[in-house]
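Engineer: Got a structure for you, questions after.
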Amino acid sequence: MKYFFLLKKSIPFLFLVLLGSCASKKDMIYYQDIDALAGQEKLNSYEIKIQPDDLLQISVYAEDPEIAKSFSLNVSSETVAGATAGSVYLVDAYGFIDFPTLGKLKVSGLSRTNVLEILDAKISRYIKKPIISLRITNFKVSVQGEVNAPGSYPIASERITLIEALTMAKDLTVYGKRNNILIIREIDGVKSYNRVDITKAGFMNTPFYYLAQNDVVYVEPNQNKINGSAVGPSTGLIFSVMSILIALTTLIITSSK
């Protein structure tokens, strides 16, 4: 009887332990203080910068198709309505592309808008009112860690937010640490390591709300996942079953008195 009495006394303690292992609302809910940002001036106007090893697809339009061809690597290809088919240029390790007629152009560290302005100014010497398009064809981001579908994702729009990338990875698992997401970014050969808390809406006004090409997003496991990995994933279930057995045993002993 003394043994069962001790088991009965231990039930509240075990119950508190189980509750303590559960994630709280503040650990799980996104944008918890978003109402505080309502009406604030938009601060985030991020535009990606071109980096070495980027692949740039550049097309030039001109009323005279033959003139347009001189600004394309695909010299033998046919033009459509006076536009080149679009040549792909690799940005070399020093940040340059070798552009037909114009020669080497430094593009690394510049935004897409900046490069288009440079091309327009130079090509306008040969073509009246040229129309130029440019896009990065190898834009991708990688999402790792506690997400439901980790992997590398190609981005067609050249503009993606952290939340969109996590959504592509089918969101965080229940074990993902939402207040300490790591973003690894490389600019001009220099890596930076940045932490983002998506439970606070303020991250939308940081440079890491929008991702850059080749960013790596890593979601850390929370303490419950770490503990579970150390002692086995079925530990929580075992504690739950033990608690039920203790409760039933106590109920039987109490009713038999």
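Each chain in the structure tokens gets a letter, A, B, ..., in the order shown, and its residues are numbered from 1; ligands are numbered from 1 in order too.
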Please produce, as a tab-separated table, a per-residue contact table for range 106-179 of chain A versus range 218-227 of chain A (criterion: any atom at most 8 Å away, only C-alpha atoms considered), showing the nearest atom pair and its distance in Å to one decimal, sorted by chain then residue number.
Structural biologist:
```
residue	atom	partner	partner_atom	distance
A:Val143	CA	A:Tyr218	CA	6.0
A:Gln144	CA	A:Tyr218	CA	4.8
A:Gly145	CA	A:Val219	CA	4.8
A:Glu146	CA	A:Val219	CA	5.3
A:Val147	CA	A:Val219	CA	7.1
A:Leu172	CA	A:Val219	CA	7.7
A:Tyr175	CA	A:Asn222	CA	5.4
A:Gly176	CA	A:Pro221	CA	4.9
A:Lys177	CA	A:Asn222	CA	5.0
A:Arg178	CA	A:Val219	CA	7.5
```
Engineer: Set the distance at 7 Å and use only C-alpha atoms: which residues neighbour Arg195 in chain A once local chain neighbours fewer than 6 positions away are removed? I'd like the list as number ranges by chain.
Structural biologist: A: 180-183
Engineer: Keeping N, CA and C atoms, export the residues of the selection given above as a PDB file, in the first residue's frame.
Structural biologist:
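Final output, again01.pdb:
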```
ATOM      1  N   ASN A 180      15.166  31.194 -34.086  1.00  0.00           N
ATOM      2  CA  ASN A 180      16.621  31.251 -34.282  1.00  0.00           C
ATOM      3  C   ASN A 180      17.009  30.595 -35.604  1.00  0.00           C
ATOM      4  N   ILE A 181      16.355  31.016 -36.692  1.00  0.00           N
ATOM      5  CA  ILE A 181      16.621  30.440 -38.009  1.00  0.00           C
ATOM      6  C   ILE A 181      17.900  31.053 -38.579  1.00  0.00           C
ATOM      7  N   LEU A 182      18.788  30.198 -39.045  1.00  0.00           N
ATOM      8  CA  LEU A 182      20.080  30.645 -39.567  1.00  0.00           C
ATOM      9  C   LEU A 182      20.005  30.853 -41.077  1.00  0.00           C
ATOM     10  N   ILE A 183      20.501  32.009 -41.540  1.00  0.00           N
ATOM     11  CA  ILE A 183      20.618  32.287 -42.964  1.00  0.00           C
ATOM     12  C   ILE A 183      22.094  32.516 -43.289  1.00  0.00           C
TER      13      ILE A 183
END
```
Engineer: From the list A:Glu164, A:Glu47, A:Asp92, A:Asp197, which residue is nearest Gln213 in chain A when using only C-alpha atoms?
Structural biologist: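 That would be A:Glu47, the residue with the smallest distance to Gln213 in chain A.
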Engineer: Tell me which of A:Ala165, A:Ala149, A:Ala68, A:Ile50 sits closest to Val107 in chain A, counting only C-alpha atoms.
Structural biologist: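 Once distances to Val107 in chain A are computed over only C-alpha atoms, the minimum belongs to A:Ile50.
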Engineer: Go through A:Pro154, A:Gly103, A:Gly95, A:Pro65 and flag the residue nearest Ala212 in chain A, using only C-alpha atoms for the distances.
Structural biologist: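 Result for the nearest residue to Ala212 in chain A: A:Pro154.
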Engineer: Measuring between only C-alpha atoms, which one of A:Ile132, A:Phe203, A:Thr167, A:Ile160 shows the shortest distance to Asn179 in chain A?
Structural biologist: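 With only C-alpha atoms as the atom set, the closest residue is A:Phe203.
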Engineer: What's the 6 Å shell around range 199-201 of chain A, counting only C-alpha atoms, without same-chain residues fewer than 6 positions away, as number ranges by chain?
Structural biologist: A: 29-34, 179
Engineer: I need the residues from that last selection saved to file as a compact mmCIF listing (two decimals), in the first residue's frame (with C-alpha atoms), if you can.
Structural biologist:
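again.txt written:
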```
# COMPACT_ATOMS: atom_id res chain seq x y z
CA ILE A 29 3.07 31.15 -33.49
CA TYR A 30 4.50 33.33 -36.29
CA TYR A 31 4.30 37.17 -36.41
CA GLN A 32 3.10 37.49 -32.83
CA ASP A 33 3.51 41.27 -32.68
CA ILE A 34 2.48 42.05 -36.26
CA ASN A 179 13.08 32.01 -33.11
```
Engineer: Suppose you want the space between CA of Leu162 in chain A and CA of Ile58 in chain A; what is it in Å?
Structural biologist: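 It comes out at 27.2 Å.
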Engineer: For Phe71 in chain A, find every residue with an atom within 7 Å (counting only C-alpha atoms), except residues of its own chain fewer than 2 positions away, and show them as a ChimeraX atom specification.
Structural biologist: /A:60,68-69,73,100-101
Engineer: Quick check for you: according to DSSP on this backbone, which residues of range 43-131 of chain A are classed as alpha helix (DSSP H)? Reply as a PDB file with C-alpha atoms, in the first residue's frame.
Structural biologist:
```
ATOM      1  CA  PRO A  65      17.392  42.573 -86.355  1.00  0.00           C
ATOM      2  CA  GLU A  66      20.870  42.562 -87.875  1.00  0.00           C
ATOM      3  CA  ILE A  67      22.048  45.231 -85.455  1.00  0.00           C
ATOM      4  CA  ALA A  68      20.529  43.307 -82.538  1.00  0.00           C
ATOM      5  CA  LYS A  69      22.528  40.218 -83.531  1.00  0.00           C
ATOM      6  CA  ARG A 112      19.798  44.040 -61.926  1.00  0.00           C
ATOM      7  CA  THR A 113      18.600  47.631 -62.372  1.00  0.00           C
ATOM      8  CA  ASN A 114      22.176  48.940 -62.282  1.00  0.00           C
ATOM      9  CA  VAL A 115      23.344  46.504 -64.975  1.00  0.00           C
ATOM     10  CA  LEU A 116      20.393  47.329 -67.231  1.00  0.00           C
ATOM     11  CA  GLU A 117      21.229  51.040 -66.913  1.00  0.00           C
ATOM     12  CA  ILE A 118      24.858  50.379 -67.904  1.00  0.00           C
ATOM     13  CA  LEU A 119      23.855  48.228 -70.872  1.00  0.00           C
ATOM     14  CA  ASP A 120      21.273  50.753 -72.013  1.00  0.00           C
ATOM     15  CA  ALA A 121      23.807  53.594 -71.918  1.00  0.00           C
ATOM     16  CA  LYS A 122      26.400  51.630 -73.902  1.00  0.00           C
ATOM     17  CA  ILE A 123      24.089  49.961 -76.432  1.00  0.00           C
TER      18      ILE A 123
END
```
Engineer: What gap, in Å, lies between CA of Ser157 in chain A and CA of Lys140 in chain A?
Structural biologist: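 Computed distance, CA of Ser157 in chain A to CA of Lys140 in chain A, equals 10.3 Å.
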Engineer: Can you list every residue in range 63-229 of chain A that DSSP puts in strand (DSSP E), as an NGL selection string?
Structural biologist: :A and (87-90 or 96-99 or 103-106 or 131-136 or 140-145 or 151-154 or 160-161 or 181-187 or 190-196 or 210-211 or 216-219)
